[in-house]
file query17.tsv (TSV, C-alpha atoms)
chain	number	residue	atom	x	y	z
A	15	MET	CA	-38.37	-23.87	100.06
A	16	MET	CA	-35.84	-21.56	101.68
A	17	GLN	CA	-34.11	-19.27	99.24
A	18	HIS	CA	-31.00	-17.22	99.86
A	19	GLU	CA	-31.27	-13.53	99.04
A	20	ILE	CA	-28.06	-11.65	98.27
A	21	THR	CA	-28.23	-8.24	99.97
A	22	GLN	CA	-24.68	-6.88	99.69
A	23	SER	CA	-22.44	-6.12	96.75
A	24	ARG	CA	-19.38	-8.34	96.31
A	25	PRO	CA	-17.43	-9.96	93.46
A	26	LEU	CA	-19.48	-12.65	91.72
A	27	LEU	CA	-16.60	-15.16	91.58
A	28	ASP	CA	-14.08	-16.35	94.15
A	29	ALA	CA	-10.39	-16.96	93.54
A	30	GLU	CA	-11.15	-20.35	91.91
A	31	GLY	CA	-13.67	-18.88	89.49
A	32	ASN	CA	-16.70	-20.28	91.29
A	33	ILE	CA	-19.82	-18.44	92.42
A	34	ALA	CA	-18.89	-16.79	95.73
A	35	GLU	CA	-22.47	-16.46	97.00
A	36	PRO	CA	-25.13	-18.56	95.26
A	37	GLY	CA	-28.62	-17.11	95.45
A	38	PHE	CA	-30.85	-14.38	94.09
A	39	ALA	CA	-30.98	-10.61	94.36
A	40	LYS	CA	-33.52	-7.95	93.46
A	41	ARG	CA	-30.84	-5.55	92.29
A	42	LEU	CA	-27.55	-5.91	90.43
A	43	LEU	CA	-25.39	-6.44	93.54
A	44	PRO	CA	-22.89	-9.15	92.41
A	45	VAL	CA	-19.95	-7.70	90.46
A	46	TYR	CA	-19.08	-9.60	87.28
A	47	ARG	CA	-15.54	-9.34	85.96
A	48	ARG	CA	-14.56	-11.37	82.94
A	49	ALA	CA	-10.95	-11.45	84.16
A	50	ASP	CA	-12.05	-13.44	87.23
A	51	ILE	CA	-13.18	-16.39	85.09
A	52	LYS	CA	-10.86	-19.40	85.17
A	53	ALA	CA	-12.21	-21.13	82.05
A	54	PRO	CA	-10.75	-20.80	78.52
A	55	ALA	CA	-12.15	-17.95	76.42
A	56	ALA	CA	-13.82	-20.44	74.07
A	57	ARG	CA	-16.07	-21.62	76.92
A	58	ILE	CA	-17.27	-18.19	78.13
A	59	LYS	CA	-20.79	-17.23	77.07
A	60	GLU	CA	-22.06	-13.65	77.14
A	61	TRP	CA	-25.27	-12.26	75.67
A	62	ASP	CA	-27.69	-9.34	75.66
A	63	TYR	CA	-31.22	-10.24	74.52
A	64	TYR	CA	-34.07	-7.76	74.26
A	65	LEU	CA	-37.70	-8.58	73.50
A	66	ILE	CA	-40.16	-5.76	72.83
A	67	SER	CA	-43.85	-6.63	72.55
A	68	ASN	CA	-47.37	-5.25	72.79
A	69	GLY	CA	-49.09	-8.62	72.49
A	70	ARG	CA	-49.88	-8.04	68.81
A	71	PHE	CA	-46.37	-7.94	67.37
A	72	ALA	CA	-42.86	-8.25	68.80
A	73	LEU	CA	-39.22	-7.58	68.01
A	74	ALA	CA	-36.34	-9.59	69.47
A	75	LEU	CA	-32.68	-8.55	69.23
A	76	THR	CA	-29.64	-10.51	70.39
A	77	VAL	CA	-25.90	-9.88	70.46
A	78	ASP	CA	-24.19	-13.05	71.63
A	79	ASP	CA	-20.51	-13.98	72.16
A	80	ASN	CA	-20.31	-17.70	72.93
A	81	GLY	CA	-16.53	-17.84	72.81
A	82	TYR	CA	-16.21	-20.17	69.84
A	83	MET	CA	-19.01	-18.42	67.91
A	84	SER	CA	-20.84	-15.11	67.83
A	85	LEU	CA	-24.50	-14.59	66.99
A	86	ASP	CA	-26.42	-11.52	65.83
A	87	SER	CA	-30.09	-12.45	65.88
A	88	VAL	CA	-33.15	-10.46	64.79
A	89	SER	CA	-36.75	-11.72	65.03
A	90	LEU	CA	-39.95	-10.00	63.93
A	91	LEU	CA	-43.20	-11.66	65.02
A	92	ASP	CA	-46.72	-10.82	63.96
A	93	LEU	CA	-48.80	-12.56	66.62
A	94	GLU	CA	-52.14	-11.63	65.07
A	95	GLU	CA	-51.28	-12.89	61.58
A	96	GLY	CA	-49.33	-15.84	62.99
A	97	TRP	CA	-45.92	-15.51	61.34
A	98	GLU	CA	-42.37	-14.81	62.37
A	99	ILE	CA	-39.04	-14.25	60.68
A	100	THR	CA	-35.73	-14.89	62.44
A	101	LYS	CA	-32.30	-14.27	60.97
A	102	SER	CA	-29.24	-15.19	63.04
A	103	PRO	CA	-25.90	-14.81	61.23
A	104	MET	CA	-22.95	-16.35	63.06
A	105	GLY	CA	-19.26	-15.59	63.31
A	106	LEU	CA	-16.37	-17.88	64.20
A	107	MET	CA	-14.16	-17.69	67.30
A	108	PRO	CA	-14.83	-14.18	68.63
A	109	LEU	CA	-13.33	-15.26	71.99
A	110	GLY	CA	-14.67	-12.18	73.77
A	111	ARG	CA	-13.81	-9.66	71.07
A	112	VAL	CA	-17.47	-8.66	70.69
A	113	GLY	CA	-16.78	-6.73	73.89
A	114	LEU	CA	-20.06	-7.01	75.77
A	115	PRO	CA	-20.22	-4.83	78.91
A	116	GLU	CA	-19.42	-6.31	82.32
A	117	THR	CA	-22.54	-4.70	83.81
A	118	SER	CA	-26.09	-4.24	82.57
A	119	ALA	CA	-26.35	-0.90	84.36
A	120	ARG	CA	-24.38	1.02	81.73
A	121	GLY	CA	-22.24	0.48	78.66
A	122	ASP	CA	-22.97	0.01	75.00
A	123	THR	CA	-23.31	-3.27	73.14
A	124	SER	CA	-22.71	-3.17	69.41
A	125	HIS	CA	-21.84	-5.59	66.65
A	126	GLU	CA	-21.69	-5.29	62.91
A	127	GLY	CA	-21.35	-7.72	60.05
A	128	ARG	CA	-22.01	-7.90	56.35
A	129	GLY	CA	-25.18	-5.89	55.73
A	130	ARG	CA	-26.19	-5.76	59.38
A	131	SER	CA	-25.75	-3.66	62.50
A	132	LEU	CA	-27.08	-3.97	66.05
A	133	TYR	CA	-26.44	-1.25	68.62
A	134	PHE	CA	-27.75	-1.19	72.18
A	135	ARG	CA	-26.91	2.14	73.81
A	136	ASN	CA	-27.09	2.48	77.59
A	137	ASP	CA	-25.64	5.60	79.14
A	138	GLY	CA	-26.69	4.54	82.63
A	139	LEU	CA	-29.06	7.50	83.01
A	140	GLY	CA	-32.32	5.61	82.65
A	141	GLU	CA	-32.80	5.16	78.91
A	142	ARG	CA	-31.72	2.42	76.55
A	143	VAL	CA	-31.82	2.94	72.79
A	144	LEU	CA	-31.83	-0.12	70.53
A	145	THR	CA	-31.15	0.23	66.81
A	146	VAL	CA	-31.09	-2.50	64.20
A	147	SER	CA	-30.58	-2.76	60.47
A	148	MET	CA	-30.26	-5.93	58.43
A	149	ASP	CA	-30.30	-5.83	54.63
A	150	ASP	CA	-31.09	-9.47	53.89
A	151	PHE	CA	-33.64	-10.08	56.64
A	152	GLY	CA	-36.54	-11.77	54.90
A	153	PRO	CA	-38.21	-12.38	51.55
A	154	LEU	CA	-39.32	-8.74	51.46
A	155	GLY	CA	-35.83	-7.38	52.04
A	156	ALA	CA	-34.40	-5.27	54.82
A	157	ILE	CA	-35.48	-4.54	58.36
A	158	VAL	CA	-34.70	-1.26	60.12
A	159	GLY	CA	-35.73	-0.29	63.62
A	160	ARG	CA	-35.15	2.05	66.55
A	161	VAL	CA	-36.75	1.57	69.96
A	162	LYS	CA	-36.23	3.54	73.16
A	163	LEU	CA	-36.71	1.81	76.53
A	164	PHE	CA	-37.42	3.77	79.72
A	165	ASP	CA	-39.23	3.58	83.09
A	166	GLU	CA	-36.92	0.79	84.19
A	167	PRO	CA	-38.41	-0.83	87.32
A	168	GLU	CA	-36.69	-0.39	90.65
A	169	GLU	CA	-36.27	-4.15	91.12
A	170	SER	CA	-35.40	-7.02	88.78
A	171	MET	CA	-34.37	-10.68	88.87
A	172	VAL	CA	-30.68	-11.39	89.48
A	173	ILE	CA	-29.55	-15.00	89.87
A	174	CYS	CA	-26.17	-16.57	90.69
A	175	THR	CA	-26.34	-20.27	89.84
A	176	PRO	CA	-23.38	-22.67	90.13
A	177	PHE	CA	-23.02	-25.86	88.14
A	178	ASP	CA	-21.69	-29.09	89.64
A	179	LYS	CA	-18.42	-28.58	87.80
A	180	PRO	CA	-15.61	-26.34	89.03
A	181	GLY	CA	-15.32	-22.97	87.31
A	182	HIS	CA	-18.78	-23.24	85.71
A	183	PHE	CA	-21.57	-20.80	86.55
A	184	TYR	CA	-24.57	-18.87	85.28
A	185	PHE	CA	-25.02	-15.18	86.14
A	186	ASN	CA	-28.18	-13.56	84.84
A	187	GLN	CA	-30.34	-10.50	85.17
A	188	LYS	CA	-33.85	-10.19	83.77
A	189	ILE	CA	-35.24	-6.66	83.68
A	190	ASN	CA	-38.96	-6.89	82.94
A	191	CYS	CA	-41.63	-4.28	82.26
A	192	MET	CA	-39.51	-1.50	80.73
A	193	ARG	CA	-41.74	0.77	78.63
A	194	ALA	CA	-40.94	0.91	74.92
A	195	LYS	CA	-41.38	3.58	72.28
A	196	GLY	CA	-40.26	3.33	68.67
A	197	SER	CA	-40.82	1.49	65.44
A	198	VAL	CA	-39.51	-1.16	63.11
A	199	ARG	CA	-39.98	-1.23	59.33
A	200	TYR	CA	-40.12	-4.34	57.18
A	201	GLY	CA	-41.78	-5.15	53.87
A	202	GLY	CA	-43.33	-1.71	53.40
A	203	ARG	CA	-45.02	-1.88	56.82
A	204	THR	CA	-44.17	0.05	59.97
A	205	TYR	CA	-44.75	-1.59	63.34
A	206	ARG	CA	-45.03	1.11	66.04
A	207	PHE	CA	-44.48	0.51	69.72
A	208	ASP	CA	-46.58	2.85	71.86
A	209	PRO	CA	-45.38	3.14	75.48
A	210	ALA	CA	-49.01	2.95	76.64
A	211	ASP	CA	-49.06	-0.79	75.89
A	212	SER	CA	-45.54	-1.78	74.77
A	213	PHE	CA	-43.06	-3.32	77.17
A	214	ALA	CA	-39.60	-4.87	76.96
A	215	VAL	CA	-37.53	-7.40	78.83
A	216	LEU	CA	-33.74	-7.60	78.92
A	217	ASP	CA	-32.15	-11.02	79.35
A	218	TRP	CA	-28.56	-10.25	80.32
A	219	GLY	CA	-26.50	-13.43	80.68
A	220	ARG	CA	-22.87	-14.17	81.47
A	221	GLY	CA	-21.28	-17.47	82.40
A	222	VAL	CA	-19.43	-20.67	81.75
A	223	TRP	CA	-21.86	-23.48	80.95
A	224	THR	CA	-21.60	-27.23	81.00
A	225	TYR	CA	-21.77	-28.84	77.56
A	226	HIS	CA	-25.27	-30.35	77.46
A	227	ASN	CA	-28.28	-28.75	79.15
A	228	THR	CA	-31.97	-28.05	78.76
A	229	TRP	CA	-33.73	-24.99	80.09
A	230	TYR	CA	-37.28	-23.80	80.51
A	231	TRP	CA	-38.02	-20.08	80.51
A	232	SER	CA	-41.18	-18.00	80.61
A	233	SER	CA	-41.36	-14.23	80.58
A	234	ALA	CA	-44.16	-11.71	80.43
A	235	SER	CA	-44.22	-7.91	80.62
A	236	PHE	CA	-47.51	-6.09	80.24
A	237	GLN	CA	-49.98	-4.55	82.68
A	238	ALA	CA	-52.75	-5.71	85.00
A	239	GLY	CA	-55.38	-3.17	85.97
A	240	GLY	CA	-53.17	-0.42	84.55
A	241	VAL	CA	-50.17	-1.44	86.69
A	242	PRO	CA	-47.02	-2.80	84.98
A	243	PHE	CA	-46.97	-6.52	85.75
A	244	GLY	CA	-44.99	-9.51	84.59
A	245	TRP	CA	-42.82	-12.42	85.62
A	246	ASN	CA	-39.69	-14.44	85.07
A	247	LEU	CA	-39.84	-18.22	85.43
A	248	GLY	CA	-37.05	-20.66	84.70
A	249	TYR	CA	-35.37	-23.93	85.62
A	250	GLY	CA	-33.69	-27.00	84.17
A	251	PHE	CA	-29.96	-26.48	84.66
A	252	GLY	CA	-27.41	-25.82	87.37
A	253	ASP	CA	-27.62	-26.16	91.15
A	254	THR	CA	-30.71	-24.18	92.18
A	255	SER	CA	-30.68	-25.30	95.83
A	256	ALA	CA	-29.83	-21.75	96.96
A	257	ALA	CA	-32.56	-20.06	94.91
A	258	THR	CA	-34.82	-20.29	91.89
A	259	GLU	CA	-35.08	-17.52	89.33
A	260	ASN	CA	-38.88	-17.42	89.62
A	261	MET	CA	-40.16	-13.95	90.34
A	262	LEU	CA	-43.19	-11.69	89.86
A	263	PHE	CA	-42.93	-7.98	89.08
A	264	TYR	CA	-45.74	-5.61	90.04
A	265	GLY	CA	-45.47	-1.84	89.95
A	266	GLY	CA	-41.67	-1.97	89.88
A	267	LYS	CA	-41.30	-4.32	92.86
A	268	ALA	CA	-40.14	-7.94	92.78
A	269	HIS	CA	-41.97	-10.79	94.54
A	270	LYS	CA	-40.10	-14.08	94.98
A	271	LEU	CA	-41.65	-17.42	94.04
A	272	GLY	CA	-40.56	-20.97	94.82
A	273	ASN	CA	-40.64	-23.76	92.25
A	274	VAL	CA	-42.88	-23.45	89.18
A	275	LYS	CA	-43.49	-26.39	86.85
A	276	PHE	CA	-44.15	-26.07	83.10
A	277	VAL	CA	-46.64	-28.75	82.04
A	278	ILE	CA	-46.14	-29.13	78.28
A	279	PRO	CA	-48.56	-31.47	76.45
A	280	GLY	CA	-47.68	-34.59	74.52
A	281	GLY	CA	-44.62	-35.58	76.49
A	282	GLU	CA	-43.20	-32.07	76.03
A	283	ARG	CA	-43.49	-32.35	72.25
A	284	ASP	CA	-46.92	-30.84	71.50
A	285	PHE	CA	-45.98	-27.20	71.89
A	286	MET	CA	-49.10	-25.68	70.28
A	287	SER	CA	-51.66	-27.34	72.57
A	288	PRO	CA	-52.58	-25.60	75.86
A	289	TRP	CA	-49.95	-25.71	78.61
A	290	LYS	CA	-50.36	-25.42	82.36
A	291	PHE	CA	-48.13	-23.69	84.90
A	292	THR	CA	-48.29	-24.67	88.56
A	293	SER	CA	-46.23	-23.72	91.61
A	294	ASP	CA	-45.35	-25.64	94.75
A	295	ASP	CA	-46.70	-22.83	96.95
A	296	GLY	CA	-49.89	-22.19	94.93
A	297	ARG	CA	-48.81	-18.66	94.07
A	298	PHE	CA	-48.60	-19.10	90.30
A	299	GLU	CA	-51.37	-21.06	88.60
A	300	MET	CA	-51.86	-20.34	84.90
A	301	ASP	CA	-53.28	-21.79	81.72
A	302	PHE	CA	-51.27	-20.91	78.61
A	303	MET	CA	-52.81	-20.82	75.14
A	304	PRO	CA	-50.10	-20.88	72.44
A	305	VAL	CA	-50.37	-18.62	69.39
A	306	LEU	CA	-47.00	-19.01	67.63
A	307	ASP	CA	-44.01	-21.34	68.02
A	308	ARG	CA	-40.76	-19.66	67.07
A	309	LYS	CA	-38.88	-22.89	66.56
A	310	SER	CA	-35.46	-23.68	65.20
A	311	CYS	CA	-33.12	-26.65	65.32
A	312	THR	CA	-29.44	-26.53	64.49
A	313	ASP	CA	-27.84	-29.95	64.81
A	314	ALA	CA	-24.19	-30.25	63.87
A	315	LYS	CA	-23.85	-33.26	66.21
A	316	ILE	CA	-21.11	-31.73	68.37
A	317	ILE	CA	-23.04	-28.44	68.56
A	318	LYS	CA	-26.83	-28.55	68.80
A	319	SER	CA	-29.58	-26.07	69.62
A	320	ASP	CA	-33.21	-27.20	69.56
A	321	GLN	CA	-35.46	-24.27	70.47
A	322	HIS	CA	-39.21	-23.82	70.91
A	323	GLN	CA	-40.05	-20.28	72.02
A	324	VAL	CA	-43.83	-20.29	72.17
A	325	PHE	CA	-45.74	-17.01	72.25
A	326	GLY	CA	-49.29	-16.93	73.52
A	327	ARG	CA	-51.65	-15.78	76.26
A	328	PHE	CA	-51.89	-16.62	79.95
A	329	THR	CA	-55.04	-16.82	82.05
A	330	GLY	CA	-54.97	-17.41	85.77
A	331	ARG	CA	-53.77	-16.03	89.08
A	332	ALA	CA	-50.46	-14.94	90.60
A	333	VAL	CA	-50.09	-14.01	94.27
A	334	LEU	CA	-47.76	-11.26	95.52
A	335	ASP	CA	-45.60	-11.56	98.64
A	336	ASP	CA	-48.26	-9.95	100.84
A	337	GLY	CA	-50.98	-12.32	99.63
A	338	THR	CA	-52.55	-9.94	97.12
A	339	PRO	CA	-53.89	-11.89	94.11
A	340	VAL	CA	-53.32	-10.62	90.57
A	341	ASP	CA	-55.78	-12.14	88.13
A	342	VAL	CA	-55.04	-12.01	84.42
A	343	LYS	CA	-56.94	-13.08	81.32
A	344	ASP	CA	-55.36	-13.45	77.86
A	345	PHE	CA	-52.14	-11.90	79.23
A	346	PRO	CA	-49.41	-11.82	76.55
A	347	GLY	CA	-46.12	-13.59	77.14
A	348	PHE	CA	-44.02	-16.55	76.07
A	349	ALA	CA	-42.66	-19.83	77.34
A	350	GLU	CA	-39.84	-21.88	75.89
A	351	LYS	CA	-37.97	-25.14	76.07
A	352	VAL	CA	-34.41	-25.13	74.72
A	353	GLU	CA	-31.92	-28.00	74.52
A	354	ASN	CA	-28.32	-27.04	73.86
A	355	LYS	CA	-25.08	-28.87	73.26
A	356	TRP	CA	-22.69	-25.95	73.33

call {"tool": "encode", "arguments": {"input": "query17.tsv", "output": "structure tokens"}}
result
Amino acid sequence: MMQHEITQSRPLLDAEGNIAEPGFAKRLLPVYRRADIKAPAARIKEWDYYLISNGRFALALTVDDNGYMSLDSVSLLDLEEGWEITKSPMGLMPLGRVGLPETSARGDTSHEGRGRSLYFRNDGLGERVLTVSMDDFGPLGAIVGRVKLFDEPEESMVICTPFDKPGHFYFNQKINCMRAKGSVRYGGRTYRFDPADSFAVLDWGRGVWTYHNTWYWSSASFQAGGVPFGWNLGYGFGDTSAATENMLFYGGKAHKLGNVKFVIPGGERDFMSPWKFTSDDGRFEMDFMPVLDRKSCTDAKIIKSDQHQVFGRFTGRAVLDDGTPVDVKDFPGFAEKVENKW
């Protein structure tokens, strides 16, 4: 399939609040301005999501302003022992007051609530510092953590996806394979992230979504043969005729893929049996062995979120733009299916 690459910086939205240039970029070229959006504040969705992992344990942090509700989410996952704890307190009608930055390149994201604080510092000089504290996190009490991210790759995945409804769009950047150093403490144990084998991904999303949608997303950030390697795969919503968000990352460079299909067993209901991933161009062929399903379902009829974020290990082959194969075995990552009415 032909895919349109955005190569020049310009405003993300036109005068009607629609995507001015649908497609993908390898750098943050489109310029997002919240004031350019034509939808009501209650419909605007903005989030910063970080996942830090070494394949043995992982920490996920989210600050989310969905217009009509805010979300501060913290997850700790022990992939060797097979457990996870997620706590996601919500707030009502923030309508943009959380104040998330208009660019991922710099600017701080912070939000506090009763007994909790999340702070993502980004001075734009090459380091990000994430701090978290939550008193009532799990049965063993509080969680406290501080992680520094650095060695940000030169290229990343940037996607500008319109919906088939005026004024609706999805603007997203995924920065994979940032090195991580720091620790998180919970239940008398300290989980340390060593930059030799610990990597992070940032999922930076802004947009106006249609009410009911389902998405598929897979992300991995680790190393192959000592070289930082990973991917971003996703589909399921919006008009992707201009570009997919499927991309490989190898040694800081991005390599564009076409369509990739997630083959989930049992009619997409058996999430803990082995999955397969296959691409239309043969450049991404993987078997996925699940280890842990971080699942949650909130169903208030009008608002619903049914999530299965499945962590596990990939074995197979990916092919770079120049035809170079990258073979991986038991490569840590995750894949998810999420249905939202929001």

call {"tool": "atom_distance", "arguments": {"input": "query17.tsv", "atom1": "CA of Ile317 (chain A)", "atom2": "CA of Asn354 (chain A)"}}
result
7.6 Å

call {"tool": "axis_aligned_box", "arguments": {"input": "query17.tsv", "around": "region 69-85 of chain A", "padding_each_side": "3 Å", "output": "AutoDock Vina command-line options"}}
result
--center_x -33.0 --center_y -13.9 --center_z 70.0 --size_x 39.7 --size_y 18.6 --size_z 11.9

call {"tool": "atom_distance", "arguments": {"input": "query17.tsv", "atom1": "CA of Arg327 (chain A)", "atom2": "CA of Ala72 (chain A)"}}
result
13.8 Å

call {"tool": "closest_residue", "arguments": {"input": "query17.tsv", "among": "A:Leu93, A:Leu334, A:Ala119, A:Val340", "to": "Arg70 (chain A)", "atoms": "all atoms listed in the file"}}
result
A:Leu93

call {"tool": "closest_residue", "arguments": {"input": "query17.tsv", "among": "A:Met303, A:Ala349, A:Met261, A:Ala214", "to": "Trp229 (chain A)", "atoms": "all atoms listed in the file"}}
result
A:Ala349

call {"tool": "residues_near_point", "arguments": {"input": "query17.tsv", "point": "(-41.7, 3.0, 68.3)", "cutoff": "9 Å", "atoms": "only C-alpha atoms", "output": "PDB file with C-alpha atoms, in the frame of the given file"}}
result
ATOM      1  CA  GLY A 159     -35.730  -0.290  63.620  1.00  0.00           C
ATOM      2  CA  ARG A 160     -35.150   2.050  66.550  1.00  0.00           C
ATOM      3  CA  VAL A 161     -36.750   1.570  69.960  1.00  0.00           C
ATOM      4  CA  LYS A 162     -36.230   3.540  73.160  1.00  0.00           C
ATOM      5  CA  ALA A 194     -40.940   0.910  74.920  1.00  0.00           C
ATOM      6  CA  LYS A 195     -41.380   3.580  72.280  1.00  0.00           C
ATOM      7  CA  GLY A 196     -40.260   3.330  68.670  1.00  0.00           C
ATOM      8  CA  SER A 197     -40.820   1.490  65.440  1.00  0.00           C
ATOM      9  CA  VAL A 198     -39.510  -1.160  63.110  1.00  0.00           C
ATOM     10  CA  TYR A 205     -44.750  -1.590  63.340  1.00  0.00           C
ATOM     11  CA  ARG A 206     -45.030   1.110  66.040  1.00  0.00           C
ATOM     12  CA  PHE A 207     -44.480   0.510  69.720  1.00  0.00           C
ATOM     13  CA  ASP A 208     -46.580   2.850  71.860  1.00  0.00           C
ATOM     14  CA  PRO A 209     -45.380   3.140  75.480  1.00  0.00           C
ATOM     15  CA  SER A 212     -45.540  -1.780  74.770  1.00  0.00           C
TER      16      SER A 212
END

call {"tool": "atom_distance", "arguments": {"input": "query17.tsv", "atom1": "CA of Ile58 (chain A)", "atom2": "CA of Val222 (chain A)"}}
result
4.9 Å

call {"tool": "decode", "arguments": {"input": "query17.tsv", "residues": "region 327-335 of chain A", "atoms": "all heavy atoms", "output": "compact mmCIF listing (two decimals), in the first residue's frame"}}
result
# COMPACT_ATOMS: atom_id res chain seq x y z
N ARG A 327 5.83 -12.53 25.21
CA ARG A 327 7.10 -12.59 24.48
C ARG A 327 6.86 -12.97 23.03
O ARG A 327 6.06 -13.86 22.72
CB ARG A 327 8.05 -13.57 25.17
CG ARG A 327 8.42 -13.08 26.58
CD ARG A 327 9.54 -13.86 27.23
NE ARG A 327 9.92 -13.24 28.50
CZ ARG A 327 10.87 -12.31 28.62
NH1 ARG A 327 11.53 -11.89 27.56
NH2 ARG A 327 11.15 -11.80 29.81
N PHE A 328 7.58 -12.29 22.15
CA PHE A 328 7.47 -12.44 20.71
C PHE A 328 8.65 -13.25 20.18
O PHE A 328 9.79 -13.05 20.60
CB PHE A 328 7.45 -11.08 20.02
CG PHE A 328 6.23 -10.26 20.28
CD1 PHE A 328 6.11 -9.48 21.44
CD2 PHE A 328 5.19 -10.22 19.35
CE1 PHE A 328 4.99 -8.71 21.67
CE2 PHE A 328 4.06 -9.45 19.58
CZ PHE A 328 3.96 -8.70 20.74
N THR A 329 8.36 -14.12 19.22
CA THR A 329 9.39 -14.86 18.51
C THR A 329 9.08 -14.83 17.03
O THR A 329 7.95 -15.18 16.62
CB THR A 329 9.47 -16.32 19.00
OG1 THR A 329 9.83 -16.33 20.40
CG2 THR A 329 10.52 -17.10 18.22
N GLY A 330 10.05 -14.40 16.24
CA GLY A 330 9.83 -14.33 14.81
C GLY A 330 10.81 -13.42 14.12
O GLY A 330 11.95 -13.24 14.58
N ARG A 331 10.36 -12.82 13.01
CA ARG A 331 11.25 -12.00 12.18
C ARG A 331 10.56 -10.71 11.77
O ARG A 331 9.38 -10.70 11.41
CB ARG A 331 11.67 -12.79 10.94
CG ARG A 331 12.41 -11.97 9.89
CD ARG A 331 12.97 -12.83 8.77
NE ARG A 331 14.14 -13.58 9.26
CZ ARG A 331 14.92 -14.31 8.46
NH1 ARG A 331 14.65 -14.40 7.17
NH2 ARG A 331 15.96 -14.96 8.97
N ALA A 332 11.33 -9.62 11.82
CA ALA A 332 10.92 -8.34 11.25
C ALA A 332 11.98 -7.94 10.22
O ALA A 332 13.16 -8.28 10.37
CB ALA A 332 10.80 -7.27 12.33
N VAL A 333 11.56 -7.22 9.19
CA VAL A 333 12.46 -6.86 8.10
C VAL A 333 12.52 -5.34 7.97
O VAL A 333 11.48 -4.68 7.83
CB VAL A 333 12.00 -7.50 6.77
CG1 VAL A 333 12.96 -7.12 5.64
CG2 VAL A 333 11.92 -9.02 6.90
N LEU A 334 13.72 -4.79 8.02
CA LEU A 334 13.92 -3.35 7.91
C LEU A 334 13.71 -2.87 6.48
O LEU A 334 13.56 -3.67 5.55
CB LEU A 334 15.33 -2.99 8.39
CG LEU A 334 15.73 -3.48 9.80
CD1 LEU A 334 17.13 -3.00 10.15
CD2 LEU A 334 14.72 -3.02 10.84
N ASP A 335 13.70 -1.56 6.28
CA ASP A 335 13.42 -0.99 4.97
C ASP A 335 14.39 -1.47 3.89
O ASP A 335 14.02 -1.60 2.72
CB ASP A 335 13.45 0.54 5.04
CG ASP A 335 12.22 1.12 5.72
OD1 ASP A 335 11.22 0.40 5.85
OD2 ASP A 335 12.26 2.31 6.10
